[in-house]
Each structure stands twice: as C-alpha cells, then as structure tokens.
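Source file upload-v4.txt; content: compact mmCIF, C-alpha atoms.
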# COMPACT_ATOMS: atom_id res chain seq x y z
CA MET K 1 -5.52 -63.38 -43.82
CA LYS K 2 -7.24 -63.75 -40.42
CA PHE K 3 -8.81 -60.29 -40.79
CA LYS K 4 -10.23 -61.19 -44.21
CA ALA K 5 -11.64 -64.44 -42.79
CA ILE K 6 -13.29 -62.60 -39.90
CA ALA K 7 -14.72 -60.03 -42.29
CA SER K 8 -16.07 -62.77 -44.55
CA ALA K 9 -17.62 -64.51 -41.56
CA LEU K 10 -19.32 -61.27 -40.45
CA MET K 11 -20.68 -60.72 -43.94
CA GLY K 12 -21.94 -64.31 -43.96
CA ILE K 13 -23.73 -63.86 -40.67
CA ALA K 14 -25.26 -60.64 -41.98
CA VAL K 15 -26.62 -62.46 -45.02
CA LEU K 16 -28.05 -65.32 -42.94
CA THR K 17 -29.56 -63.15 -40.15
CA GLY K 18 -30.49 -60.09 -42.13
CA THR K 19 -28.65 -57.75 -39.71
CA PRO K 20 -26.10 -55.14 -40.74
CA ALA K 21 -22.51 -56.34 -40.66
CA ILE K 22 -21.37 -53.12 -38.88
CA PRO K 23 -23.64 -51.62 -36.19
CA PRO K 24 -24.80 -48.04 -36.76
CA LEU K 25 -22.81 -45.25 -35.01
CA SER K 26 -25.64 -44.67 -32.51
CA GLN K 27 -25.04 -48.11 -30.99
CA PHE K 28 -21.39 -47.38 -30.06
CA THR K 29 -20.52 -46.38 -26.47
CA VAL K 30 -18.64 -43.04 -26.90
CA THR K 31 -16.43 -41.37 -24.28
CA ASP K 32 -18.63 -39.27 -21.98
CA LEU K 33 -18.64 -35.83 -23.60
CA SER K 34 -20.19 -34.20 -20.52
CA ALA K 35 -17.21 -35.32 -18.43
CA SER K 36 -14.86 -33.79 -20.99
CA ALA K 37 -16.79 -30.55 -20.80
CA ALA K 38 -16.53 -30.55 -17.01
CA ALA K 39 -12.79 -31.12 -17.23
CA ALA K 40 -12.47 -28.22 -19.64
CA ASP K 41 -14.20 -25.99 -17.07
CA SER K 42 -11.78 -26.71 -14.26
CA GLY K 43 -8.10 -26.50 -13.63
CA VAL K 44 -5.27 -25.01 -11.58
CA CYS K 45 -5.27 -21.38 -10.42
CA GLY K 46 -2.60 -21.39 -7.72
CA LYS K 47 0.27 -23.48 -6.41
CA ASN K 48 -2.22 -25.36 -4.24
CA ALA K 49 -5.47 -23.94 -5.63
CA VAL K 50 -7.93 -25.25 -8.23
CA TRP K 51 -11.08 -23.90 -9.84
CA GLN K 52 -14.28 -25.31 -11.28
CA LEU K 53 -17.09 -23.64 -13.19
CA ASP K 54 -20.43 -25.44 -13.15
CA SER K 55 -23.35 -25.24 -15.57
CA ASN K 56 -25.15 -22.71 -13.35
CA GLY K 57 -22.36 -20.19 -13.68
CA THR K 58 -20.81 -20.70 -10.23
CA LEU K 59 -17.02 -20.62 -10.22
CA THR K 60 -15.53 -22.12 -7.07
CA VAL K 61 -11.91 -21.74 -6.05
CA SER K 62 -10.73 -24.34 -3.54
CA GLY K 63 -7.49 -25.51 -2.00
CA THR K 64 -4.99 -23.56 0.10
CA GLY K 65 -2.77 -20.51 -0.21
CA ASP K 66 -2.70 -17.76 -2.82
CA MET K 67 -4.32 -17.69 -6.23
CA TYR K 68 -2.10 -16.80 -9.16
CA SER K 69 -2.22 -13.26 -10.53
CA LEU K 70 -2.31 -12.37 -14.21
CA ASN K 71 1.24 -11.89 -15.47
CA SER K 72 3.51 -12.79 -18.35
CA ASN K 73 3.77 -16.37 -17.10
CA TYR K 74 0.15 -16.93 -16.17
CA SER K 75 -3.06 -16.31 -18.07
CA ILE K 76 -6.47 -16.39 -16.42
CA PRO K 77 -7.72 -19.88 -17.38
CA TRP K 78 -11.41 -18.92 -17.47
CA ALA K 79 -10.83 -15.79 -19.57
CA ASP K 80 -12.96 -17.07 -22.47
CA LYS K 81 -15.75 -18.05 -20.07
CA LYS K 82 -16.13 -14.74 -18.21
CA ASP K 83 -19.59 -14.10 -19.62
CA SER K 84 -20.76 -17.39 -18.09
CA ILE K 85 -19.65 -16.54 -14.55
CA LYS K 86 -22.53 -15.41 -12.33
CA GLN K 87 -21.28 -16.34 -8.90
CA VAL K 88 -17.78 -16.67 -7.40
CA ILE K 89 -17.03 -18.64 -4.25
CA ILE K 90 -13.56 -18.29 -2.75
CA GLY K 91 -13.31 -21.42 -0.63
CA ASP K 92 -11.92 -22.07 2.81
CA GLY K 93 -8.12 -22.23 2.79
CA ILE K 94 -7.59 -19.69 -0.01
CA THR K 95 -5.66 -16.68 1.30
CA SER K 96 -5.60 -14.25 -1.65
CA VAL K 97 -7.56 -13.43 -4.80
CA GLY K 98 -5.15 -12.92 -7.67
CA ALA K 99 -4.80 -9.67 -9.58
CA GLN K 100 -7.28 -9.32 -12.48
CA SER K 101 -8.72 -12.75 -11.74
CA PHE K 102 -12.36 -11.77 -12.33
CA SER K 103 -12.05 -8.41 -14.06
CA ASP K 104 -14.79 -7.72 -16.61
CA CYS K 105 -16.98 -10.62 -15.55
CA THR K 106 -19.96 -8.53 -16.59
CA ASN K 107 -22.60 -11.03 -15.44
CA LEU K 108 -21.11 -11.65 -12.02
CA VAL K 109 -23.72 -10.80 -9.36
CA SER K 110 -22.40 -12.48 -6.21
CA VAL K 111 -19.05 -13.05 -4.50
CA THR K 112 -18.51 -15.08 -1.34
CA PHE K 113 -15.19 -14.92 0.52
CA SER K 114 -14.11 -17.49 3.07
CA ASP K 115 -12.71 -16.26 6.36
CA THR K 116 -9.21 -17.29 5.32
CA VAL K 117 -8.89 -14.59 2.66
CA THR K 118 -6.46 -11.85 3.69
CA SER K 119 -5.90 -9.94 0.44
CA ILE K 120 -7.59 -9.03 -2.83
CA GLY K 121 -5.29 -8.26 -5.75
CA SER K 122 -5.30 -5.25 -8.03
CA SER K 123 -8.23 -5.07 -10.48
CA ALA K 124 -9.43 -8.45 -9.19
CA PHE K 125 -13.10 -7.54 -9.77
CA SER K 126 -12.80 -4.35 -11.81
CA GLY K 127 -15.49 -3.86 -14.44
CA CYS K 128 -17.91 -6.36 -12.88
CA ARG K 129 -20.84 -4.13 -13.72
CA SER K 130 -23.56 -6.47 -12.39
CA LEU K 131 -22.04 -6.88 -8.93
CA ARG K 132 -24.33 -5.07 -6.47
CA SER K 133 -22.94 -5.79 -3.02
CA VAL K 134 -19.92 -7.30 -1.35
CA THR K 135 -19.19 -8.29 2.24
CA PHE K 136 -15.60 -8.88 3.22
CA PRO K 137 -14.45 -11.35 5.89
CA LYS K 138 -12.87 -10.17 9.12
CA SER K 139 -9.67 -11.89 8.03
CA LEU K 140 -9.17 -9.40 5.19
CA THR K 141 -6.31 -6.92 5.61
CA SER K 142 -5.58 -5.64 2.09
CA ILE K 143 -7.62 -4.43 -0.90
CA SER K 144 -5.33 -3.51 -3.78
CA SER K 145 -5.61 -0.76 -6.36
CA MET K 146 -8.69 -0.75 -8.60
CA ALA K 147 -9.88 -4.00 -7.04
CA PHE K 148 -13.55 -3.02 -7.57
CA ALA K 149 -13.17 -0.06 -9.92
CA LEU K 150 -15.88 0.44 -12.54
CA CYS K 151 -18.30 -1.90 -10.77
CA LYS K 152 -21.15 0.34 -11.84
CA SER K 153 -23.83 -1.43 -9.76
CA LEU K 154 -21.82 -1.84 -6.56
CA ALA K 155 -23.84 0.09 -4.00
CA GLU K 156 -23.27 -1.89 -0.80
CA VAL K 157 -19.79 -2.41 0.62
CA ASN K 158 -18.96 -3.70 4.09
CA ILE K 159 -15.31 -3.15 5.00
CA PRO K 160 -14.23 -4.66 8.35
CA SER K 161 -11.85 -2.95 10.77
CA SER K 162 -9.23 -5.59 9.94
CA VAL K 163 -8.48 -3.87 6.61
CA THR K 164 -5.33 -1.78 7.00
CA TYR K 165 -4.52 -1.15 3.33
CA ILE K 166 -6.71 0.06 0.49
CA GLY K 167 -5.01 0.82 -2.81
CA SER K 168 -5.60 3.70 -5.16
CA LEU K 169 -8.95 3.89 -6.93
CA ALA K 170 -10.01 0.61 -5.32
CA PHE K 171 -13.69 1.62 -5.51
CA SER K 172 -13.58 4.31 -8.18
CA ASN K 173 -16.70 4.82 -10.26
CA THR K 174 -18.92 2.78 -7.97
CA PRO K 175 -22.30 3.93 -6.57
CA TRP K 176 -20.97 3.14 -3.09
CA LEU K 177 -18.10 5.63 -3.35
CA LYS K 178 -20.37 8.25 -4.94
CA ALA K 179 -22.88 7.95 -2.11
CA GLU K 180 -20.15 8.14 0.53
CA ALA K 181 -18.72 11.26 -1.11
CA GLU K 182 -22.13 12.93 -1.17
CA ASN K 183 -22.52 12.34 2.56
CA SER K 184 -19.15 13.84 3.47
CA ARG K 185 -16.36 15.87 1.90
CA PHE K 186 -14.00 13.03 2.79
CA VAL K 187 -14.36 9.28 2.39
CA ILE K 188 -12.40 7.72 5.26
CA VAL K 189 -12.18 4.00 6.03
CA ASN K 190 -10.20 2.76 9.03
CA GLY K 191 -8.08 5.90 9.08
CA MET K 192 -7.41 5.81 5.32
CA LEU K 193 -8.58 8.81 3.31
CA LEU K 194 -9.73 7.31 -0.01
CA PHE K 195 -11.34 10.31 -1.63
CA ALA K 196 -11.85 14.02 -1.05
CA ALA K 197 -14.15 16.55 -2.68
CA ASP K 198 -12.43 19.21 -4.78
CA THR K 199 -12.76 22.44 -2.78
CA LYS K 200 -10.65 25.59 -2.33
CA GLU K 201 -9.71 24.63 1.21
CA ALA K 202 -9.26 21.13 2.60
CA VAL K 203 -8.93 20.56 6.33
CA ILE K 204 -8.23 16.86 6.64
CA PRO K 205 -9.85 15.35 9.76
CA ASP K 206 -7.55 14.18 12.54
CA SER K 207 -8.96 10.66 12.23
CA VAL K 208 -6.80 10.18 9.13
CA THR K 209 -3.51 8.28 9.35
CA THR K 210 -2.97 7.56 5.64
CA ILE K 211 -3.73 9.68 2.58
CA VAL K 212 -4.27 7.03 -0.06
CA SER K 213 -2.81 7.24 -3.56
CA ASN K 214 -4.72 9.60 -5.88
CA ALA K 215 -7.04 10.79 -3.07
CA PHE K 216 -6.68 14.43 -4.24
CA TRP K 217 -5.38 13.80 -7.73
CA GLY K 218 -6.28 16.53 -10.22
CA HIS K 219 -8.12 18.76 -7.71
CA SER K 220 -7.83 22.03 -9.57
CA LEU K 221 -9.80 24.09 -7.01
CA LEU K 222 -7.62 23.21 -4.02
CA GLU K 223 -5.63 26.24 -2.82
CA LYS K 224 -5.15 25.66 0.90
CA LEU K 225 -4.42 22.34 2.59
CA TYR K 226 -4.22 21.40 6.25
CA ILE K 227 -2.71 18.01 7.12
CA PRO K 228 -3.18 17.01 10.79
CA ASN K 229 -0.40 15.54 12.92
CA THR K 230 -2.15 12.16 12.94
CA VAL K 231 -1.13 11.46 9.34
CA LYS K 232 1.80 9.07 8.99
CA THR K 233 1.79 8.28 5.28
CA ILE K 234 1.18 10.28 2.10
CA GLU K 235 1.01 7.77 -0.72
CA ASN K 236 1.93 7.95 -4.40
CA ASN K 237 0.24 10.69 -6.44
CA ALA K 238 -1.88 11.71 -3.43
CA PHE K 239 -1.86 15.41 -4.43
CA ALA K 240 -0.59 15.14 -8.00
CA SER K 241 -1.84 17.80 -10.43
CA CYS K 242 -3.41 20.00 -7.73
CA SER K 243 -2.78 22.99 -9.95
CA SER K 244 -3.93 25.74 -7.55
CA LEU K 245 -2.17 24.53 -4.40
CA THR K 246 0.37 27.19 -3.39
CA SER K 247 1.99 25.75 -0.27
CA VAL K 248 1.82 22.79 2.06
CA THR K 249 3.12 22.02 5.54
CA ILE K 250 3.77 18.35 6.14
CA PRO K 251 3.64 17.71 9.90
CA ALA K 252 6.30 15.94 11.96
CA SER K 253 4.03 12.89 12.24
CA VAL K 254 4.48 12.04 8.55
CA GLU K 255 6.98 9.22 8.14
CA ASP K 256 6.67 8.54 4.41
CA ILE K 257 6.00 10.69 1.33
CA GLY K 258 5.36 8.55 -1.74
CA MET K 259 6.30 8.77 -5.39
CA GLN K 260 4.98 11.87 -7.22
CA ALA K 261 2.98 12.84 -4.15
CA PHE K 262 3.01 16.51 -5.21
CA SER K 263 4.00 16.26 -8.87
CA ASN K 264 2.71 18.73 -11.48
CA CYS K 265 1.39 21.13 -8.83
CA THR K 266 1.94 24.16 -11.04
CA ALA K 267 1.39 26.84 -8.36
CA LEU K 268 3.28 25.11 -5.56
CA GLY K 269 5.86 27.51 -4.14
CA GLU K 270 6.81 26.03 -0.76
CA VAL K 271 6.85 22.62 0.88
CA VAL K 272 7.56 22.63 4.63
CA ILE K 273 8.63 19.23 5.99
CA LEU K 274 8.70 19.18 9.80
CA SER K 275 9.93 15.63 10.36
CA PRO K 276 13.74 15.47 10.26
CA ASP K 277 13.52 11.73 9.50
CA CYS K 278 10.69 11.66 6.95
CA LYS K 279 11.28 9.17 4.14
CA ILE K 280 10.91 11.07 0.85
CA PHE K 281 10.61 9.08 -2.38
CA GLY K 282 13.93 9.38 -4.15
CA ARG K 283 13.01 10.99 -7.44
CA PRO K 284 12.87 14.63 -8.53
CA THR K 285 9.18 14.23 -9.42
CA THR K 286 8.06 13.94 -5.79
CA PHE K 287 7.62 17.75 -5.73
CA THR K 288 7.29 19.49 -9.09
CA ASN K 289 5.52 22.31 -10.86
CA LYS K 290 5.85 20.69 -14.26
CA SER K 291 7.62 17.55 -15.42
CA GLU K 292 10.77 17.44 -13.23
CA GLU K 293 10.94 21.21 -12.69
CA TYR K 294 10.33 22.88 -9.34
CA ALA K 295 10.83 26.62 -8.87
CA GLY K 296 9.72 26.73 -5.23
CA VAL K 297 11.56 25.97 -2.00
CA ILE K 298 11.84 23.01 0.33
CA THR K 299 11.83 24.10 3.97
CA GLY K 300 13.08 21.84 6.74
CA TYR K 301 15.57 21.32 9.51
CA GLU K 302 19.34 21.19 9.25
CA GLY K 303 20.64 17.73 8.49
CA SER K 304 17.13 16.45 7.77
CA THR K 305 16.01 14.19 4.96
CA ALA K 306 14.33 17.27 3.48
CA ALA K 307 17.71 19.01 3.32
CA GLU K 308 19.28 15.91 1.76
CA TYR K 309 16.47 15.68 -0.80
CA ALA K 310 16.81 19.34 -1.75
CA ASP K 311 20.57 19.03 -2.14
CA LYS K 312 20.34 15.84 -4.22
CA TYR K 313 17.82 17.21 -6.70
CA GLY K 314 18.96 20.83 -6.85
CA ARG K 315 16.01 22.34 -4.98
CA SER K 316 16.25 25.60 -3.06
CA PHE K 317 16.35 24.87 0.66
CA VAL K 318 15.33 27.06 3.57
CA SER K 319 16.61 25.95 6.97
CA LEU K 320 14.53 25.95 10.12
CA GLY K 321 17.66 25.40 12.19
CA ARG K 322 18.23 22.43 14.45
CA PRO K 323 15.13 20.30 14.92
CA PRO K 324 13.32 20.39 18.25
CA LEU K 325 14.14 17.32 20.25
CA GLY K 326 11.50 14.93 21.40
CA SER K 327 13.77 14.30 24.36
CA LEU K 328 16.45 16.20 26.30
CA LEU K 329 19.66 17.18 24.60
CA GLY K 330 22.01 14.32 25.39
CA ASP K 331 19.16 11.86 26.06
CA VAL K 332 19.86 9.69 23.02
CA ASN K 333 17.81 6.74 24.28
CA ASN K 334 14.84 9.01 25.03
CA ASP K 335 14.22 7.67 28.53
CA GLY K 336 13.83 11.13 30.10
CA THR K 337 17.24 11.35 31.75
CA VAL K 338 20.79 12.16 30.74
CA ASN K 339 23.20 9.69 32.29
CA ALA K 340 26.12 7.32 31.75
CA VAL K 341 24.02 5.07 29.51
CA ASP K 342 23.68 7.92 27.00
CA ALA K 343 27.41 8.65 27.19
CA SER K 344 28.19 4.98 26.54
CA SER K 345 25.80 4.91 23.59
CA VAL K 346 27.49 7.96 22.04
CA LEU K 347 30.91 6.35 22.42
CA ALA K 348 29.63 3.21 20.71
CA TYR K 349 28.20 5.33 17.87
CA TYR K 350 31.53 7.11 17.49
CA ALA K 351 33.41 3.80 17.43
CA ARG K 352 31.16 2.46 14.67
CA THR K 353 31.32 5.54 12.47
CA SER K 354 35.11 5.77 12.95
CA THR K 355 35.40 2.38 11.24
CA ASP K 356 33.05 3.32 8.38
CA GLN K 357 30.07 1.49 9.85
CA ALA K 358 26.53 2.82 10.17
CA GLY K 359 26.09 4.64 13.46
CA GLY K 360 22.58 3.32 14.03
CA TYR K 361 20.97 6.62 15.10
CA ASP K 362 18.03 8.33 13.46
CA LYS K 363 18.13 12.09 12.85
CA THR K 364 16.60 12.97 16.19
CA GLN K 365 19.13 10.84 18.06
CA GLU K 366 21.96 12.38 16.08
CA PHE K 367 20.89 15.87 17.10
CA ALA K 368 20.45 14.77 20.71
CA ALA K 369 23.95 13.27 20.71
CA ASP K 370 25.72 16.34 19.27
CA VAL K 371 25.57 18.22 22.55
CA ASN K 372 28.26 20.78 21.69
CA TYR K 373 26.63 21.68 18.36
CA ASP K 374 29.77 21.22 16.29
CA GLY K 375 28.15 19.04 13.65
CA SER K 376 29.88 15.79 14.62
CA ILE K 377 29.31 13.06 17.18
CA ASN K 378 32.44 11.90 18.96
CA ALA K 379 34.16 11.25 22.30
CA VAL K 380 33.89 14.93 23.23
CA ASP K 381 30.10 14.69 23.21
CA ALA K 382 30.23 11.54 25.32
CA SER K 383 32.54 13.29 27.79
CA ASN K 384 30.20 16.29 28.01
CA ILE K 385 27.20 14.04 28.65
CA LEU K 386 29.12 12.19 31.37
CA SER K 387 30.17 15.48 32.97
CA TYR K 388 26.58 16.71 33.03
CA TYR K 389 25.47 13.43 34.59
CA ALA K 390 28.13 13.80 37.30
CA TYR K 391 26.90 17.35 37.96
CA THR K 392 23.23 16.36 38.30
CA SER K 393 24.15 13.40 40.50
CA THR K 394 25.67 15.71 43.13
CA LEU K 395 22.71 18.08 43.43
CA LYS K 396 20.82 18.26 46.68
CA GLU K 397 17.09 17.57 46.75
CA ASP K 398 16.19 21.26 46.99
CA GLU K 399 18.49 22.30 44.14
CA THR K 400 17.29 22.75 40.57
CA ALA K 401 19.53 21.44 37.81
CA ARG K 402 20.69 23.74 35.09
CA SER K 403 19.83 22.69 31.55
CA ILE K 404 22.43 20.67 29.72
CA GLU K 405 22.62 23.46 27.12
CA ASP K 406 23.60 26.02 29.81
CA PHE K 407 25.96 23.58 31.48
CA ILE K 408 27.87 22.80 28.27
CA ALA K 409 27.84 26.46 27.15
CA ASP K 410 30.23 27.23 30.01
CA TYR K 411 32.89 25.14 28.26
CA TYR K 412 32.65 26.87 24.87
Just give me the structure as structure tokens.
Amino acid sequence: MKFKAIASALMGIAVLTGTPAIPPLSQFTVTDLSASAAAADSGVCGKNAVWQLDSNGTLTVSGTGDMYSLNSNYSIPWADKKDSIKQVIIGDGITSVGAQSFSDCTNLVSVTFSDTVTSIGSSAFSGCRSLRSVTFPKSLTSISSMAFALCKSLAEVNIPSSVTYIGSLAFSNTPWLKAEAENSRFVIVNGMLLFAADTKEAVIPDSVTTIVSNAFWGHSLLEKLYIPNTVKTIENNAFASCSSLTSVTIPASVEDIGMQAFSNCTALGEVVILSPDCKIFGRPTTFTNKSEEYAGVITGYEGSTAAEYADKYGRSFVSLGRPPLGSLLGDVNNDGTVNAVDASSVLAYYARTSTDQAGGYDKTQEFAADVNYDGSINAVDASNILSYYAYTSTLKEDETARSIEDFIADYY
C-alpha cells in the first residue's frame, strides 16, 4: 500500500511539475565500468605474485617468489589477451618466470627482468616473434628448454656469466643463434655447448664442460667425434640420430651421460667409457642403433658402471682391465700416502658391507682398497695396507720404497 502511495505521489508531482516520473537511464550513477575492466586485467600468477595489464599493453608482474607455470592445475590467466601484450616487466622480488607464461605473445617487443630473477621456465617466451633483444640480469642462473625458441626477430642476446644451465633448444630458430653458428662451428656459452655445425669430424673445444641436450641431434654427416677431458656432462639426446657416427670415446672426466644420449646412431659400433664411476642413464636407449637395439660393444673397466650397464641391458662388453688409479694402490683417501688411516678406513668399509650396509666407496676407492686383487675388500686388504705402512716407516732416508704392488706380490 505504501509503495502504491509513493508511486501515486511521484506521478502527481510529475503532472504538476512537468518532469518525468522516472529519470532517464543516462542520469543514473552506474558502477565504474573502467574499474571493472582494470580488475579483469589483473590477478594472481604465483603464491605471492600478481599481474596487471594496462591499456598500453604493458604487463607487470610484482610480488615475491616464483611465478606459476602452466600445468593441469594452472592456466595462464592472460592467455586470451596475449595479442595485447607489448611489454613485460618482471618486477623486483620475483625469482622465476613460469613455464609457457608468455609463449606466443606475438606482439611482445620488450622484456625487462629485475635483478632478483634466477630462472626462466621452459617455453616461457617461445614464439614471441616480435621480440628483438633481451638482456638478462646477473642474478640469472638457469634458462630452461625452448625458453626463447622460435623468436624469429631475436637478434641480440646478452647472457651473463652467472648462467650455469641452458636447456635444449633454448634459442632455436632465432637470428641470434644463426649468427653465432655462422661465426663458429660451435656455439658455446659459459662452457655449455648449445649447438654444433654438422660436419664429418667434430673436435669439441676444451672450453666445453657440458654438451647440452640436442646439441648434435640428427647430424647425419658426423663420422668422427673427439670429446675433450674437460667435459663433465653429456645431456639427454646430445648425439641422438647421428647416423654416420661409428665410434666414440667418452673421457674419464665425464660424470653423467643422459637419457638417449646416443640413441638411434645406426652406424655406432663401439662406445668406450673411461670413467669407472660415470653415471649412465638407466635405460637401454642410452646407446642404440635403432629403437632399443644395439649391435656394437661397450668398452670399459672391470667393475665399472659401464660394465654394469652392459650386463643389465645385454650389451657386449669389452674389458680394459682394472682402472688406473688416481692415487696409489691402498691410498683410499687419496692423500698421497698409504698408512694406518687407509687400513682403518678399509676395516670400516668391510664392517659395513659385512652387515649389508653400503660401503661408502666409489669405484676408484674400491679398486684402491682391493690391494691383493682378489675382487673383494676385507680385513686381509687392511692387514696388507698396514704391513706396507710398517715397511715404509722403517726405511732410512737414503732408501727407496718398493711399490705396494711389488711388496704385496711377495705374499701371493
């Protein structure tokens, strides 16, 4: 009843004053649509990180810690606005750029990283075809696989010495990588070999410590390969599908051979692995001619990881005998002398292994400890080491000690 009375009163006023009873829509104060639009162009992109895209096309990430990466639980929130992004600013406090965060932002021309960024995720800027240059902060340590792949205008790249990891194809199909490859047969950054020209013979420079994933992938011309003893790591697929490569010697410096490092090398007949402790990826496809098949041989030292790999995956193995010791026989702690400390260490090893515990020695130490060459490490070895120490301790200054091998040979 009250509503009807109010309505009647309004109609009466309208008749008396000649004004409309209900104001036109244009006279209403509506919620600020521009504010709603701004809110729609901002949000959360990390546990403690937020983003905002302004009308000029600048997307700013601020906050602290890591950005989220694209995965089944997280979708890139600005995915439908990628064409609007022209500039990206990764603010102070952000430590990582998430995987695929800005991939295919085709109008992106500029990226600014704060000096808190330490890593850039896989494919983070892949396909940003308008991006022409990028300068990384000195805080950066890691650039993941395909981070800037297919950036077809990227001609200027400044990688600081702080970067210790660059993933596979991180700069593939960029003018920068093409120009670097034209200047040299090898593209090397901070000891990492990113790319090599396909030639019949490749002599890798001794400045290389890591052969990055896919660096030689599909090199059909490569027949001869020299890996220097500075190389420590051969990453996944590094020499995959090198169809003309017939043999390879992996030096003792190499500590890690990655997944499918020499897979589908159809002509590969011999792999020589000189490190007795080298970590070899545990699948049959690490060395193959085709699929999981390998008709060649694995050559290495007795008791080495190469021997274990060959035995596990049914590969033919050729022994090089006992590995050369980096220290004296019996010098298990590699301090340059054979003494009671080494004997005590061997006894401790024996005690652990006798109770089904890990001995704690690497392959080189195991060979150094087995002084009587019987294939086991026990109290006899400790006794022999102690006897040799007693012998050397009684020598006069002008006397030359016999080798431990000769000394122990007298007992067997």
Minimum-distance residue to Glu270 of chain K, chosen among K:Ala252, K:Val134, K:Ala149, K:Ile298 (using only C-alpha atoms): K:Ile298
Length of the atom CA of Ser122 of chain K to atom CA of Cys242 of chain K vector [Å]: 25.3 Å
Interatomic distance, atom CA of Pro77 of chain K to atom CA of Trp51 of chain K (Å, one decimal): 9.2 Å
Tell me, as a PDB file with C-alpha atoms, keeping the file's coordinate frame, which residues lie within 9 Å of Val208 of chain K, counting all atoms listed in the file; anything in the same chain fewer than 3 positions away does not count.
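out21.pdb, freshly written:
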ATOM      1  CA  ILE K 188     -12.400   7.720   5.260  1.00  0.00           C
ATOM      2  CA  VAL K 189     -12.180   4.000   6.030  1.00  0.00           C
ATOM      3  CA  ASN K 190     -10.200   2.760   9.030  1.00  0.00           C
ATOM      4  CA  GLY K 191      -8.080   5.900   9.080  1.00  0.00           C
ATOM      5  CA  MET K 192      -7.410   5.810   5.320  1.00  0.00           C
ATOM      6  CA  LEU K 193      -8.580   8.810   3.310  1.00  0.00           C
ATOM      7  CA  ILE K 204      -8.230  16.860   6.640  1.00  0.00           C
ATOM      8  CA  PRO K 205      -9.850  15.350   9.760  1.00  0.00           C
ATOM      9  CA  ILE K 211      -3.730   9.680   2.580  1.00  0.00           C
ATOM     10  CA  PRO K 228      -3.180  17.010  10.790  1.00  0.00           C
ATOM     11  CA  THR K 230      -2.150  12.160  12.940  1.00  0.00           C
ATOM     12  CA  VAL K 231      -1.130  11.460   9.340  1.00  0.00           C
ATOM     13  CA  LYS K 232       1.800   9.070   8.990  1.00  0.00           C
TER      14      LYS K 232
END
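Our summary of the geometry notes that atom CA of Ala382 of chain K is positioned 7.0 Å from atom CA of Ser344 of chain K.
Candidate residues K:Tyr165, K:Phe125, K:Tyr373, K:Tyr309 were compared for distance to Ser144 of chain K, and the nearest is K:Tyr165, using all atoms listed in the file.
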Contacts of segment 80-85 of chain K within 12 Å, only C-alpha atoms, excl. fewer than 5 positions in-chain, as JSON, numbers by chain: {"K": [40, 41, 42, 52, 53, 54, 55, 56, 57, 58, 59, 60, 75, 100, 101, 102, 103, 104, 105, 106, 107, 108, 109, 110, 111, 125, 127, 128, 129, 130, 131]}
Counting only C-alpha atoms, the option among K:Gln260, K:Thr400, K:Gln357, K:Thr364 closest to Arg283 of chain K: K:Gln260
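By chain and then residue number, the residues within 10 Å of Glu308 of chain K are Ile280, Gly300, Glu302, Gly314, Arg315 and Phe317 of chain K, counting only C-alpha atoms and disregarding those fewer than 6 positions away in sequence.
Minimum atom-to-atom distances from K:Asp198, K:Asp277, K:Asp335, K:Glu399 to Tyr361 of chain K were compared using all atoms listed in the file, and the lowest value belongs to K:Asp277.
When all atoms listed in the file are used to compute distances to Ala197 of chain K, the closest of the residues K:Ser62, K:Ser220, K:Thr164, K:Ser376 turns out to be K:Ser220.
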Distance criterion (all atoms listed in the file): nearest to Ser213 of chain K out of K:Ser244, K:Met146, K:Thr249, K:Ala179: K:Met146
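Every protein or nucleic acid residue with an atom no more than 6 Å from Asp115 of chain K, counting all atoms listed in the file and leaving out same-chain residues fewer than 2 positions away, appears here: Val117, Pro137 and Ser139 of chain K.
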Surrounding residues of Ala240 of chain K excluding itself and chain neighbours under 2 positions, 8 Å, only C-alpha atoms, as a PyMOL selection string: chain K and resi 214+216-218+237-238+242+260-265
